[in-house]
Amino acid sequence: MADVKKYNSSTWARFKKNKAAVAGLVIIILSVVLAVFAYLIAPDGSSNANRIVPEISNQRSGFSVYLLQVKKNGKQPAYSALSVLVSGREDPYTYIPLVRYSATKDSIIFDRYIDEGISDRQSISKKLLGDNPVIHERFLLGTDKFGRDILSRLIVGIRVSLNVGLIAVVISLTIGILLGALAGYYRGFVDDIIMWFINIIWSIPTLLLVFAITLVLGKGFWQIFIAVGLTMWVNIARLIRGQVMSLKEKEFIEAGRAMGFSDLRIISRHILPNILGPVAVIAASNFASAIVIEAGLSFLGVGVQPPQPSWGLMIKENYNFIITHNPLLAIIPGLAIMVLVLAFNMVGNGLRDALNVRSKVL
């Protein structure tokens with residue numbers, strides 16, 4: 001036990017010396033915090049950050065406006081703190097952008113914002129308005145073509161990227177470790193069958209395979225996570241197979257067989273714990289790859305579906321503005337993808353060096 005603690009301590013010490021890896025870890029931790037508390041942090045806390053105000057569409061960063069809060073018809077449902085944390089809440093108001101307004105005893109007279117330099121004078125009874133009828137909103141990153149807050153959708157969109165990475169890695173590790181361990185330990189006919197299957201999957205382009213799985217499972221939030229995970233296990237299986245083949249000839253494994261230990265016990269308790277280093281490195285790499293694949297699929301329209309915010313979907317909705325007046329609408333989610341993927345790659349490189357697995361992988 002003391003040796004294990006000493007090894008873990010020395011591993012962490014080596015990891016901390018890698019400033020890039022530590023920076024990547026900080027970015028990942030901040031991303032996780034933002035993802036968990038997204039609806040409490042985002043300026044627009046409605047479900048999917050989907051507050052639509054068409055009049056203020058495609059506005060630049062820093063745009064500010066007064067909004068009149070008009071009550072929606074019908075009684076609003078009650079929300080628990082947990083439900084708000086998980087999925088936000090339905091917005092109880094519709095919003096009317098204002099140029100200027102004045103209040104009388106029972107109504108508000110206002111100039112409704114239509115477009116730059118264009119307004120329409122209207123009035124509305126205070127009975128139809130919220131307790132705080134007029135609010136001032138500043139959109140730090142601007143608004144998209146539907147008048148939704150880009151910053152809010154960027155924050156909520158972190159959930160999709162982290163979820164697809166996590167679920168894809170869990171699925172790929174489960175399949176890859178199982179098949180790789182069986183192939184490397186038993187060899188012979190079992191190895192031939194598994195390697196034949198691996199080579200078939202390996203020969204199919206990843207994007208084409210994801211398309212095929214998506215067509216079978218359908219479009220949607222969970223389907224795309226499963227589809228990405230089912231395409232990323234091959235490199236893990238190949239790595240595990242090679243590591244198991246190397247370790248099964250070691251003396252401590254022979255000792256386990258001589259003591260009558262079952263194959264399951266030898267694999268799960270004596271072989272797999274000794275190859276967690278390479279697995280951790282490749283898992284970090286796969287996490288980054290899954291984020292990129294999901295963004296690409298959402299951009300092509302077969303990934304996460306509107307109005308669920310996804311960074312790839314945000315690029316698709318706004319890429320036309322790159323060559324027009326507001327390129328940040330597409331550039332900002334692209335930069336977010338780049339930073340998060342870079343963070344996972346830096347952590348993977350740091351783990352590789354800290355766990356000293358480069359020679360083992362090679």
# chains A, B, ... in the order shown; residues from 1 in each chain; ligands from 1
call {"tool": "residues_around", "arguments": {"residues": "Ser268 of chain A", "least_positions_apart": "6", "cutoff": "12 Å", "atoms": "only C-alpha atoms", "output": "VMD selection string"}}
result
chain A and resid 177 to 178 181 to 182 185 244 253 261 to 262 274 to 276
call {"tool": "closest_atom_pairs", "arguments": {"of": "segment 295-322 of chain A", "to": "segment 36-55 of chain A", "cutoff": "7 Å", "atoms": "only C-alpha atoms", "output": "JSON lines"}}
result
{"residue": "A:Pro307", "atom": "CA", "partner": "A:Asn48", "partner_atom": "CA", "distance": 6.5}
{"residue": "A:Gln308", "atom": "CA", "partner": "A:Asn48", "partner_atom": "CA", "distance": 5.4}
{"residue": "A:Pro309", "atom": "CA", "partner": "A:Asn48", "partner_atom": "CA", "distance": 6.2}
call {"tool": "atom_distance", "arguments": {"atom1": "atom CA of Ile291 of chain A", "atom2": "atom CA of Gly334 of chain A"}}
result
11.7 Å
call {"tool": "closest_residue", "arguments": {"among": "A:Tyr186, A:Phe221, A:Tyr319, A:Trp311", "to": "Leu154 of chain A", "atoms": "only C-alpha atoms"}}
result
A:Trp311
call {"tool": "residues_around", "arguments": {"residues": "Ser119 of chain A", "least_positions_apart": "4", "cutoff": "10 Å", "atoms": "only C-alpha atoms", "output": "short mmCIF file (atom, residue, chain, number, x, y, z; two decimals) with N, CA and C atoms, in the first residue's frame"}}
result
data_model
loop_
_atom_site.label_atom_id
_atom_site.label_comp_id
_atom_site.auth_asym_id
_atom_site.auth_seq_id
_atom_site.Cartn_x
_atom_site.Cartn_y
_atom_site.Cartn_z
N PRO A 97 -38.53 44.26 -27.28
CA PRO A 97 -37.43 45.24 -27.16
C PRO A 97 -37.95 46.67 -27.31
N LEU A 98 -37.40 47.59 -26.49
CA LEU A 98 -37.86 48.96 -26.45
C LEU A 98 -36.76 49.92 -26.85
N VAL A 99 -37.17 51.02 -27.48
CA VAL A 99 -36.25 52.15 -27.71
C VAL A 99 -36.35 53.13 -26.54
N ARG A 100 -37.60 53.43 -26.15
CA ARG A 100 -37.86 54.29 -25.00
C ARG A 100 -39.25 53.95 -24.48
N PHE A 110 -44.70 52.80 -24.97
CA PHE A 110 -43.33 52.53 -25.37
C PHE A 110 -43.18 52.59 -26.89
N ASP A 111 -41.95 52.81 -27.32
CA ASP A 111 -41.58 52.72 -28.72
C ASP A 111 -40.90 51.37 -28.93
N ARG A 112 -41.57 50.47 -29.62
CA ARG A 112 -41.06 49.13 -29.82
C ARG A 112 -39.92 49.13 -30.85
N TYR A 113 -38.81 48.51 -30.50
CA TYR A 113 -37.66 48.41 -31.39
C TYR A 113 -37.99 47.44 -32.53
N ILE A 114 -37.90 47.91 -33.75
CA ILE A 114 -38.13 47.08 -34.93
C ILE A 114 -36.81 46.75 -35.61
N ASP A 115 -36.01 47.77 -35.84
CA ASP A 115 -34.68 47.62 -36.45
C ASP A 115 -33.92 48.90 -36.16
#
call {"tool": "closest_residue", "arguments": {"among": "A:Leu68, A:Leu25, A:Ile194, A:Val86", "to": "Ser102 of chain A", "atoms": "only C-alpha atoms"}}
result
A:Leu68
call {"tool": "residues_around", "arguments": {"residues": "Ile240 of chain A", "least_positions_apart": "2", "cutoff": "9 Å", "atoms": "only C-alpha atoms", "output": "list in words"}}
result
Gly176, Ile177, Leu178, Leu179, Gly180, Ala181, Ala183, Gly184, Asn235, Ile236, Ala237, Arg238, Gly242, Gln243, Val244, Met245, Leu272, Ile275, Pro278 and Val279 of chain A
call {"tool": "write_last_selection", "arguments": {"atoms": "C-alpha atoms", "output": "PDB file, in the first residue's frame"}}
result
ATOM      1  CA  GLY A 176     -12.223  -2.063 -26.217  1.00  0.00           C
ATOM      2  CA  ILE A 177     -11.002  -3.436 -22.887  1.00  0.00           C
ATOM      3  CA  LEU A 178     -13.291  -6.477 -23.100  1.00  0.00           C
ATOM      4  CA  LEU A 179     -12.378  -7.492 -26.653  1.00  0.00           C
ATOM      5  CA  GLY A 180      -8.722  -6.494 -26.348  1.00  0.00           C
ATOM      6  CA  ALA A 181      -8.245  -8.464 -23.125  1.00  0.00           C
ATOM      7  CA  ALA A 183      -7.869 -11.427 -27.753  1.00  0.00           C
ATOM      8  CA  GLY A 184      -4.561 -10.848 -25.971  1.00  0.00           C
ATOM      9  CA  ASN A 235      -7.721   1.683 -31.067  1.00  0.00           C
ATOM     10  CA  ILE A 236      -8.347   0.861 -27.401  1.00  0.00           C
ATOM     11  CA  ALA A 237      -8.861  -2.834 -28.211  1.00  0.00           C
ATOM     12  CA  ARG A 238      -5.621  -2.953 -30.199  1.00  0.00           C
ATOM     13  CA  GLY A 242      -0.791  -5.757 -27.125  1.00  0.00           C
ATOM     14  CA  GLN A 243      -0.405  -4.907 -23.446  1.00  0.00           C
ATOM     15  CA  VAL A 244      -2.132  -8.120 -22.313  1.00  0.00           C
ATOM     16  CA  MET A 245       0.005 -10.237 -24.646  1.00  0.00           C
ATOM     17  CA  LEU A 272      -5.739  -4.667 -16.272  1.00  0.00           C
ATOM     18  CA  ILE A 275      -2.089  -1.160 -17.999  1.00  0.00           C
ATOM     19  CA  PRO A 278      -1.791   3.688 -21.458  1.00  0.00           C
ATOM     20  CA  VAL A 279      -5.573   3.416 -21.156  1.00  0.00           C
TER      21      VAL A 279
END
call {"tool": "atom_distance", "arguments": {"atom1": "atom CA of Ile213 of chain A", "atom2": "atom CA of Met314 of chain A"}}
result
23.3 Å
call {"tool": "select_by_dssp", "arguments": {"residues": "segment 60-118 of chain A", "states": "strand (DSSP E)", "output": "ChimeraX atom specification"}}
result
/A:63-71,93-103,107-115,118
